[in-house]
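What follows is the content of model04.tsv (TSV, C-alpha atoms and all ligand atoms).
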```tsv
chain	number	residue	atom	x	y	z
E	1	MET	CA	98.83	125.73	60.97
E	2	THR	CA	96.93	122.82	62.40
E	3	GLY	CA	98.30	119.27	62.16
E	4	PHE	CA	96.63	116.43	60.29
E	5	ARG	CA	95.14	115.33	63.61
E	6	GLN	CA	96.02	117.45	66.59
E	7	ALA	CA	95.04	118.27	70.13
E	8	GLN	CA	96.40	121.62	71.14
E	9	ILE	CA	96.94	121.78	74.89
E	10	ASP	CA	96.90	125.21	76.49
E	11	LEU	CA	99.19	124.73	79.50
E	12	ASP	CA	98.76	128.35	80.58
E	13	ALA	CA	95.06	127.56	80.94
E	14	VAL	CA	95.92	124.59	83.22
E	15	THR	CA	97.96	126.92	85.41
E	16	ALA	CA	95.24	129.57	85.41
E	17	ASN	CA	92.47	127.05	86.14
E	18	ILE	CA	94.37	125.69	89.15
E	19	ARG	CA	95.13	129.18	90.38
E	20	HIS	CA	91.47	130.17	90.04
E	21	LEU	CA	90.17	127.05	91.79
E	22	ARG	CA	92.71	127.43	94.60
E	23	ALA	CA	91.55	130.99	95.15
E	24	ILE	CA	87.88	130.03	95.50
E	25	ILE	CA	88.45	126.77	97.40
E	26	GLY	CA	91.14	128.03	99.77
E	27	THR	CA	92.47	124.72	101.11
E	28	PRO	CA	96.13	124.48	102.12
E	29	HIS	CA	96.60	121.52	99.76
E	30	VAL	CA	95.48	120.80	96.20
E	31	ILE	CA	96.11	117.42	94.58
E	32	ALA	CA	96.13	117.80	90.79
E	33	VAL	CA	94.76	114.56	89.33
E	34	VAL	CA	96.75	113.57	86.23
E	35	LYS	CA	95.65	109.95	85.84
E	36	ALA	CA	94.95	108.50	82.38
E	37	ASP	CA	97.64	110.69	80.81
E	38	ALA	CA	96.04	113.74	82.41
E	39	TYR	CA	92.61	112.93	80.96
E	40	GLY	CA	94.25	112.68	77.54
E	41	HIS	CA	96.11	116.00	77.80
E	42	GLY	CA	99.61	114.63	78.55
E	43	ALA	CA	100.56	113.83	82.15
E	44	VAL	CA	104.04	115.32	82.36
E	45	PRO	CA	103.42	118.76	80.88
E	46	VAL	CA	100.07	119.07	82.66
E	47	ALA	CA	101.63	118.07	85.99
E	48	ARG	CA	104.25	120.80	85.61
E	49	ALA	CA	101.63	123.39	84.67
E	50	ALA	CA	99.46	122.41	87.64
E	51	LEU	CA	102.37	122.74	90.04
E	52	ALA	CA	103.11	126.17	88.54
E	53	GLY	CA	99.52	127.14	89.40
E	54	GLY	CA	99.99	126.19	93.04
E	55	ALA	CA	98.92	122.57	93.23
E	56	ASP	CA	101.25	121.00	95.79
E	57	TRP	CA	100.41	117.32	95.16
E	58	LEU	CA	99.82	115.13	92.14
E	59	GLY	CA	97.47	112.16	91.98
E	60	THR	CA	97.29	109.19	89.65
E	61	ALA	CA	95.32	105.96	89.66
E	62	ASP	CA	98.18	103.56	88.91
E	63	ILE	CA	101.66	103.18	90.35
E	64	ASP	CA	103.05	103.05	86.79
E	65	GLU	CA	101.54	106.44	86.03
E	66	ALA	CA	103.19	107.85	89.14
E	67	LEU	CA	106.55	106.25	88.30
E	68	ALA	CA	106.39	107.78	84.80
E	69	LEU	CA	106.11	111.24	86.40
E	70	ARG	CA	109.13	110.50	88.59
E	71	ALA	CA	111.07	109.24	85.55
E	72	ALA	CA	110.34	112.60	83.89
E	73	GLY	CA	112.00	114.34	86.83
E	74	ILE	CA	108.91	115.51	88.68
E	75	ASP	CA	109.67	115.43	92.41
E	76	ALA	CA	106.41	116.83	93.84
E	77	PRO	CA	104.50	114.73	96.38
E	78	LEU	CA	102.56	112.06	94.54
E	79	LEU	CA	99.69	109.78	95.53
E	80	CYS	CA	98.28	106.81	93.63
E	81	TRP	CA	95.37	104.69	94.72
E	82	LEU	CA	94.36	101.85	92.38
E	83	HIS	CA	96.52	98.77	92.69
E	84	PRO	CA	96.42	95.42	90.91
E	85	ALA	CA	97.02	92.13	92.68
E	86	GLY	CA	100.78	91.78	93.13
E	87	ALA	CA	101.37	95.52	92.70
E	88	ASP	CA	105.00	96.59	92.89
E	89	PHE	CA	104.71	98.58	96.10
E	90	ALA	CA	108.48	98.44	96.63
E	91	ALA	CA	109.03	100.31	93.34
E	92	ALA	CA	106.48	102.92	94.37
E	93	LEU	CA	108.08	103.40	97.77
E	94	ALA	CA	111.54	103.62	96.20
E	95	GLY	CA	110.10	106.47	94.11
E	96	SER	CA	108.76	108.24	97.23
E	97	ILE	CA	105.22	107.73	96.04
E	98	ASP	CA	102.44	107.76	98.62
E	99	LEU	CA	100.06	104.83	98.36
E	100	GLY	CA	96.31	104.82	98.77
E	101	VAL	CA	95.26	101.83	100.83
E	102	SER	CA	91.90	100.21	100.21
E	103	SER	CA	92.05	97.08	102.35
E	104	ALA	CA	93.69	95.57	105.41
E	105	ALA	CA	95.50	93.13	103.10
E	106	GLN	CA	96.99	95.99	101.07
E	107	LEU	CA	98.14	97.66	104.26
E	108	ALA	CA	100.01	94.53	105.32
E	109	GLU	CA	101.57	94.11	101.86
E	110	ILE	CA	102.74	97.72	101.79
E	111	ALA	CA	104.24	97.43	105.28
E	112	ASP	CA	106.14	94.34	104.10
E	113	ALA	CA	107.30	96.05	100.93
E	114	ALA	CA	108.63	98.99	102.96
E	115	GLY	CA	111.45	96.92	104.45
E	116	PRO	CA	113.39	99.14	106.85
E	117	ALA	CA	111.85	102.31	105.37
E	118	THR	CA	108.55	103.95	106.33
E	119	ALA	CA	105.79	103.74	103.73
E	120	GLN	CA	103.63	106.86	103.46
E	121	VAL	CA	100.01	105.81	103.07
E	122	HIS	CA	96.60	107.41	102.70
E	123	LEU	CA	93.79	105.21	103.98
E	124	LYS	CA	90.90	105.21	101.53
E	125	LEU	CA	87.50	104.76	103.13
E	126	ASP	CA	84.49	103.51	101.24
E	127	THR	CA	81.74	105.99	102.08
E	128	GLY	CA	79.11	104.77	99.65
E	129	LEU	CA	80.51	104.32	96.15
E	130	SER	CA	81.06	100.58	96.65
E	131	ARG	CA	84.20	100.64	94.54
E	132	ASN	CA	87.64	100.98	96.10
E	133	GLY	CA	88.12	101.77	99.76
E	134	ILE	CA	88.10	100.08	103.15
E	135	ALA	CA	84.61	98.90	104.05
E	136	GLU	CA	83.11	100.56	107.10
E	137	ALA	CA	82.87	97.20	108.90
E	138	ASP	CA	86.68	96.93	108.69
E	139	TRP	CA	87.55	100.45	109.78
E	140	GLU	CA	88.24	99.84	113.47
E	141	ALA	CA	90.42	96.79	112.93
E	142	THR	CA	92.31	98.40	110.04
E	143	PHE	CA	92.88	101.64	111.95
E	144	ALA	CA	94.18	99.66	114.94
E	145	HIS	CA	96.53	97.73	112.67
E	146	ALA	CA	97.68	100.92	110.97
E	147	SER	CA	98.37	102.50	114.32
E	148	GLU	CA	100.45	99.49	115.35
E	149	LEU	CA	102.42	99.57	112.08
E	150	GLU	CA	102.96	103.27	112.59
E	151	ARG	CA	104.40	102.74	116.07
E	152	ALA	CA	106.70	100.09	114.56
E	153	GLY	CA	107.91	102.65	112.02
E	154	LYS	CA	106.74	100.60	109.03
E	155	ILE	CA	104.13	103.00	107.78
E	156	ALA	CA	102.96	106.55	108.39
E	157	VAL	CA	99.33	107.42	107.78
E	158	ARG	CA	99.86	110.69	105.95
E	159	GLY	CA	96.31	110.88	104.69
E	160	ILE	CA	92.75	109.68	105.00
E	161	PHE	CA	90.43	110.09	102.06
E	162	SER	CA	87.32	109.03	100.24
E	163	HIS	CA	85.46	109.85	97.03
E	164	LEU	CA	81.89	111.05	96.47
E	165	SER	CA	79.21	109.64	94.17
E	166	ASN	CA	77.78	112.97	92.89
E	167	ALA	CA	74.49	111.04	92.90
E	168	SER	CA	72.75	113.97	94.62
E	169	ALA	CA	73.46	116.60	97.26
E	170	THR	CA	71.66	114.37	99.75
E	171	ASP	CA	73.79	111.35	98.90
E	172	ASP	CA	77.00	113.36	99.07
E	173	ARG	CA	75.94	114.85	102.40
E	174	ALA	CA	75.30	111.33	103.71
E	175	ALA	CA	78.74	110.21	102.48
E	176	LEU	CA	80.28	113.21	104.24
E	177	GLY	CA	78.61	112.03	107.44
E	178	VAL	CA	80.02	108.53	106.99
E	179	PHE	CA	83.48	109.97	106.28
E	180	THR	CA	83.34	112.15	109.38
E	181	ARG	CA	82.54	109.06	111.44
E	182	GLY	CA	85.58	107.37	109.93
E	183	LEU	CA	87.80	110.32	110.81
E	184	ALA	CA	86.62	110.16	114.44
E	185	LEU	CA	87.40	106.44	114.61
E	186	ALA	CA	90.84	107.02	113.10
E	187	ASP	CA	91.48	109.75	115.62
E	188	ALA	CA	90.44	107.43	118.44
E	189	ALA	CA	92.92	104.88	117.11
E	190	GLY	CA	95.66	107.48	117.44
E	191	LEU	CA	96.02	108.27	113.73
E	192	THR	CA	96.87	111.88	112.90
E	193	PRO	CA	96.83	112.33	109.11
E	194	ASP	CA	98.31	115.53	107.66
E	195	LEU	CA	95.96	115.39	104.68
E	196	VAL	CA	92.24	114.78	104.83
E	197	HIS	CA	90.58	114.73	101.41
E	198	LEU	CA	87.10	113.94	100.18
E	199	ALA	CA	86.16	116.42	97.46
E	200	ALA	CA	86.95	116.17	93.77
E	201	THR	CA	86.18	119.17	91.53
E	202	ALA	CA	82.39	119.17	91.89
E	203	ALA	CA	82.21	119.02	95.68
E	204	ALA	CA	85.27	121.26	96.05
E	205	ILE	CA	83.29	123.97	94.26
E	206	ASP	CA	79.80	123.29	95.61
E	207	MET	CA	80.14	121.75	99.08
E	208	PRO	CA	82.59	123.76	101.21
E	209	ASP	CA	82.35	121.39	104.17
E	210	THR	CA	83.77	118.55	102.06
E	211	ARG	CA	87.01	120.45	101.50
E	212	PHE	CA	88.77	119.63	104.80
E	213	ASN	CA	92.40	120.66	104.22
E	214	THR	CA	92.88	119.09	100.78
E	215	VAL	CA	90.92	118.70	97.54
E	216	ARG	CA	91.61	116.54	94.50
E	217	ILE	CA	91.10	118.48	91.28
E	218	GLY	CA	90.79	116.74	87.93
E	219	ILE	CA	88.17	117.94	85.44
E	220	GLY	CA	88.24	121.56	86.61
E	221	MET	CA	91.98	121.80	85.93
E	222	TYR	CA	91.23	120.80	82.32
E	223	GLY	CA	88.81	123.71	82.16
E	224	LEU	CA	85.69	121.58	81.94
E	225	SER	CA	82.62	121.73	84.14
E	226	PRO	CA	81.55	118.71	86.19
E	227	PHE	CA	78.02	120.14	86.28
E	228	ASP	CA	75.25	119.71	83.69
E	229	ASP	CA	73.86	123.15	84.37
E	230	ARG	CA	77.02	125.29	84.46
E	231	SER	CA	79.52	125.94	81.68
E	232	SER	CA	83.28	126.32	81.95
E	233	ALA	CA	82.87	130.08	81.60
E	234	ALA	CA	80.28	130.18	84.38
E	235	LEU	CA	82.88	128.56	86.65
E	236	GLY	CA	85.66	130.89	85.53
E	237	LEU	CA	87.51	128.06	83.80
E	238	THR	CA	89.16	127.89	80.36
E	239	PRO	CA	88.99	124.62	78.37
E	240	VAL	CA	92.51	123.33	77.83
E	241	MET	CA	92.18	121.02	74.83
E	242	THR	CA	91.34	122.10	71.29
E	243	LEU	CA	90.88	119.17	68.92
E	244	SER	CA	91.35	119.88	65.24
E	245	ALA	CA	92.31	118.26	61.96
E	246	GLN	CA	93.07	119.17	58.38
E	247	VAL	CA	90.46	118.54	55.71
E	248	ALA	CA	91.63	115.39	53.93
E	249	ALA	CA	89.38	115.52	50.86
E	250	VAL	CA	86.66	117.67	49.32
E	251	ARG	CA	84.15	116.49	46.73
E	252	ARG	CA	81.18	117.99	44.95
E	253	VAL	CA	78.24	115.56	44.79
E	254	ALA	CA	74.79	115.45	43.29
E	255	ALA	CA	71.55	115.68	45.27
E	256	GLY	CA	70.62	112.34	46.81
E	257	SER	CA	74.18	111.11	47.36
E	258	GLY	CA	74.59	108.66	50.23
E	259	VAL	CA	77.21	109.54	52.80
E	260	SER	CA	79.33	107.13	54.87
E	261	TYR	CA	78.37	103.66	56.10
E	262	ASP	CA	74.71	102.71	56.04
E	263	TYR	CA	73.78	105.89	54.13
E	264	THR	CA	72.10	107.32	57.22
E	265	TYR	CA	72.60	110.71	55.56
E	266	ARG	CA	71.82	111.71	51.99
E	267	THR	CA	72.40	115.11	50.43
E	268	THR	CA	69.23	117.01	49.64
E	269	ASP	CA	70.82	119.22	46.97
E	270	GLU	CA	73.98	119.33	44.96
E	271	SER	CA	76.52	119.93	47.68
E	272	THR	CA	80.14	119.89	48.84
E	273	LEU	CA	81.25	117.10	51.20
E	274	VAL	CA	84.35	117.50	53.33
E	275	LEU	CA	86.30	114.57	54.77
E	276	VAL	CA	87.67	114.97	58.29
E	277	PRO	CA	90.43	112.45	59.20
E	278	LEU	CA	89.21	111.71	62.72
E	279	GLY	CA	87.15	108.72	63.75
E	280	TYR	CA	86.34	106.52	66.67
E	281	ALA	CA	89.93	105.21	66.69
E	282	ASP	CA	90.81	108.78	67.65
E	283	GLY	CA	88.10	109.00	70.29
E	284	ILE	CA	85.39	110.66	68.21
E	285	PRO	CA	82.36	108.81	69.56
E	286	ARG	CA	80.39	106.93	66.91
E	287	GLN	CA	77.31	107.72	68.99
E	288	ALA	CA	77.71	111.34	67.87
E	289	SER	CA	77.10	110.36	64.22
E	290	GLY	CA	74.72	112.88	62.67
E	291	ALA	CA	74.89	115.04	65.78
E	292	GLY	CA	78.36	116.44	66.56
E	293	ILE	CA	79.15	119.95	65.36
E	294	VAL	CA	82.49	121.11	63.94
E	295	SER	CA	83.64	124.46	62.71
E	296	ILE	CA	85.46	125.29	59.48
E	297	GLY	CA	86.43	128.87	58.74
E	298	GLY	CA	84.12	130.12	61.46
E	299	HIS	CA	81.06	128.27	60.11
E	300	HIS	CA	79.41	125.40	61.96
E	301	PHE	CA	78.54	122.09	60.32
E	302	ARG	CA	76.97	118.92	61.63
E	303	VAL	CA	78.55	115.51	61.12
E	304	ALA	CA	76.83	113.95	58.08
E	305	GLY	CA	76.12	110.26	58.57
E	306	ARG	CA	78.17	107.70	60.43
E	307	ILE	CA	81.45	108.44	62.15
E	308	ALA	CA	83.81	105.69	60.97
E	309	MET	CA	87.04	104.40	62.51
E	310	ASP	CA	89.31	106.96	60.86
E	311	GLN	CA	87.07	109.60	59.37
E	312	PHE	CA	83.79	111.39	59.16
E	313	VAL	CA	82.11	113.67	56.64
E	314	VAL	CA	80.50	117.07	56.91
E	315	ASP	CA	78.17	118.58	54.33
E	316	VAL	CA	79.22	122.19	53.82
E	317	GLY	CA	76.64	123.00	51.14
E	318	ASN	CA	78.07	125.65	48.86
E	319	CYS	CA	80.78	126.91	51.23
E	320	ALA	CA	84.28	127.11	49.82
E	321	VAL	CA	86.46	124.61	51.69
E	322	ALA	CA	89.82	123.26	50.50
E	323	VAL	CA	91.97	120.26	51.33
E	324	GLY	CA	94.21	121.23	54.26
E	325	ASP	CA	91.76	123.70	55.79
E	326	GLU	CA	91.43	123.53	59.56
E	327	VAL	CA	88.43	121.77	61.10
E	328	VAL	CA	87.94	122.46	64.80
E	329	VAL	CA	86.03	119.67	66.48
E	330	PHE	CA	85.92	121.14	69.97
E	331	GLY	CA	87.72	123.67	72.11
E	332	ASP	CA	86.86	126.80	74.04
E	333	PRO	CA	83.29	127.83	73.16
E	334	ALA	CA	84.28	131.41	74.01
E	335	VAL	CA	85.98	131.49	70.58
E	336	GLY	CA	82.89	130.20	68.79
E	337	VAL	CA	83.61	126.48	68.51
E	338	ALA	CA	81.80	123.50	70.00
E	339	SER	CA	82.87	122.39	73.48
E	340	ALA	CA	83.81	118.92	74.72
E	341	SER	CA	80.54	119.14	76.65
E	342	ASP	CA	78.59	119.73	73.41
E	343	TRP	CA	80.14	116.56	71.99
E	344	ALA	CA	79.34	114.74	75.21
E	345	THR	CA	75.69	115.74	74.84
E	346	ALA	CA	75.72	114.64	71.19
E	347	ALA	CA	77.13	111.25	72.19
E	348	GLY	CA	75.14	110.70	75.39
E	349	THR	CA	78.20	110.77	77.63
E	350	ILE	CA	80.20	113.18	79.81
E	351	ASN	CA	82.93	115.65	78.86
E	352	TYR	CA	85.45	113.60	80.92
E	353	GLU	CA	85.10	110.74	78.43
E	354	ILE	CA	85.35	112.96	75.36
E	355	VAL	CA	88.78	114.36	76.21
E	356	THR	CA	90.18	111.26	77.92
E	357	ARG	CA	89.51	108.99	74.94
E	358	ILE	CA	91.25	111.15	72.35
E	359	GLY	CA	93.56	108.55	70.82
E	360	SER	CA	97.28	108.19	70.35
E	361	ARG	CA	97.23	109.08	66.63
E	362	VAL	CA	96.23	112.59	67.60
E	363	GLN	CA	99.36	114.60	68.11
E	364	ARG	CA	99.39	116.65	71.33
E	365	ARG	CA	100.87	120.08	70.76
E	366	TYR	CA	101.97	122.44	73.48
E	367	PRO	CA	102.28	125.95	72.12
E	368	VAL	CA	104.75	128.13	74.02
B	401	LIG	C1	89.51	110.87	89.01
B	401	LIG	C2	89.46	111.15	90.46
B	401	LIG	C3	89.39	112.46	90.95
B	401	LIG	C4	89.21	113.67	90.08
B	401	LIG	O1	87.84	113.92	89.89
B	401	LIG	P1	87.34	115.19	89.07
B	401	LIG	O2	85.84	115.06	89.11
B	401	LIG	O3	87.87	115.03	87.69
B	401	LIG	O4	87.84	116.40	89.73
B	401	LIG	C5	89.47	112.64	92.31
B	401	LIG	N1	89.60	111.61	93.15
B	401	LIG	C6	89.64	110.32	92.72
B	401	LIG	C7	89.76	109.22	93.72
B	401	LIG	C8	89.56	110.06	91.37
B	401	LIG	O5	89.58	108.78	90.95
```
Spell out the structure here as structure tokens.
Amino acid sequence: MTGFRQAQIDLDAVTANIRHLRAIIGTPHVIAVVKADAYGHGAVPVARAALAGGADWLGTADIDEALALRAAGIDAPLLCWLHPAGADFAAALAGSIDLGVSSAAQLAEIADAAGPATAQVHLKLDTGLSRNGIAEADWEATFAHASELERAGKIAVRGIFSHLSNASATDDRAALGVFTRGLALADAAGLTPDLVHLAATAAAIDMPDTRFNTVRIGIGMYGLSPFDDRSSAALGLTPVMTLSAQVAAVRRVAAGSGVSYDYTYRTTDESTLVLVPLGYADGIPRQASGAGIVSIGGHHFRVAGRIAMDQFVVDVGNCAVAVGDEVVVFGDPAVGVASASDWATAAGTINYEIVTRIGSRVQRRYPV
């Protein structure tokens, strides 16, 4: 039976998705990206399932996310790459967490924090995104400094990496060219990284020459497609999260009844309205008001009117629905329900955002 608000997480699908992607990508290393609580799926259980599927590294954005995995007893190699001012690098190093380095200043701070130990770092190069990463103008000086710190035993450059824009094949090809230039400069500076990684899920699948010896897999592990024109099934992936709730109320109303805030929906006939206890506090995008599709008892219904903070309504006409019945919001379309991608389309966003924003009131369940 479904919970009042629940996200069922199919960990076997995580394992199978990683196994499948590894088989088609074929790199010696796969970093499973479990940042943002594994895109809303639960970082610790997902990390374990990804490792079971053959991922040999884990990646997070924040040091705290990486430390939480260590606290849960996960001892796999771990990389994190987005650091605030005054980041606690010493805590990360004490937890044997590799650090992405995005500036010369960060490199110096990490070397200091290492004390007598050797900090394992991955130099992050900006190859076009203009976000994190060492600017191309600083590469030579930073590589020279890194090489010096390496000889002094303060750091080891275990990896060099960058991230693609997905703006277009042409843009990603250009970024690959920039990255390759960076690798040559690093090599000339005497750096010999074990791991070279550029591709996330999309490029790992579509651009073999971005794979080097390591890829970082996020969305694909969750069974979702990073492409507009290809479904999960077309990629051989199984969606991991199924979001559902129990019907909280059912009422029979007359024709012409207004529904939810602003009465953007009115019934056309006498009809049955069903209240679903999920709203934008739970990550159901308000932008999908009047557009998202749910399924109840195998039938599909559109959201009627505005999605509110805690609830939305569907008009089920003359269908028999009872309080406590299961409403599936999204899951694996192979079983006849809407997908996270369908909701993304309804809300004008991407499937990444749909799953990642599912809120803390929604209980994650891990069937065994
Ligand atoms: C989030 C993230 C990824 C994962 O990307 P997907 O498209 O979900 O596979 C990879 N690398 C970096 C640097 C990221 O921030």
Can you tell me which residues surround Asp315 (chain E) at a distance of at most 8 Å, considering all atoms listed in the file, apart from same-chain residues fewer than 5 positions away, and format the answer as a list in words?
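Here the answer would be Thr267, Ser271, Thr272, Leu273, Val274, Phe301, Arg302, Val303 and Ala304 of chain E.
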Report as JSON, numbers by chain which protein, DNA and RNA residues come within 10 Å of ligand LIG 401 (chain B), using all atoms listed in the file.
{"E": [31, 32, 33, 34, 35, 36, 38, 39, 59, 60, 61, 80, 81, 82, 100, 124, 132, 133, 161, 162, 163, 164, 165, 166, 197, 198, 199, 200, 201, 202, 203, 204, 205, 215, 216, 217, 218, 219, 220, 221, 222, 224, 225, 226, 227, 352]}
Could you check which of E:Glu326, E:Glu353, E:Asp310, E:Asp228 is closest to Ser244 (chain E), using only C-alpha atoms?
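For Ser244 (chain E), the nearest of the given residues is E:Glu326.
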Taking all atoms listed in the file into account, which of E:Ala344, E:Ala66, E:Ile25, E:Ala16 comes nearest Asn213 (chain E)?
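Under the stated criterion, the closest residue is E:Ile25.
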Two-atom distance - CA of Gln311 (chain E), CA of Gly290 (chain E) (Å):
13.2 Å
Could you jot down the CA of Phe312 (chain E) to CA of Gly258 (chain E) separation for me, Å, one decimal place?
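Separation between CA of Phe312 (chain E) and CA of Gly258 (chain E): 13.1 Å.
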In Å to one decimal, how far is CA of Phe143 (chain E) from CA of Val196 (chain E)?
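It comes out at 15.0 Å.
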Taking into account all atoms listed in the file, which residue in the set E:Ala114, E:Asp229, E:Gly305, E:Pro367 is nearest to Ser257 (chain E)?
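Selected residue with least distance to Ser257 (chain E): E:Gly305.
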Which residue out of E:Gly54, E:Pro285, E:Gly331, E:Gly317 has the minimum interatomic distance to Ile350 (chain E) when all atoms listed in the file are used?
E:Pro285
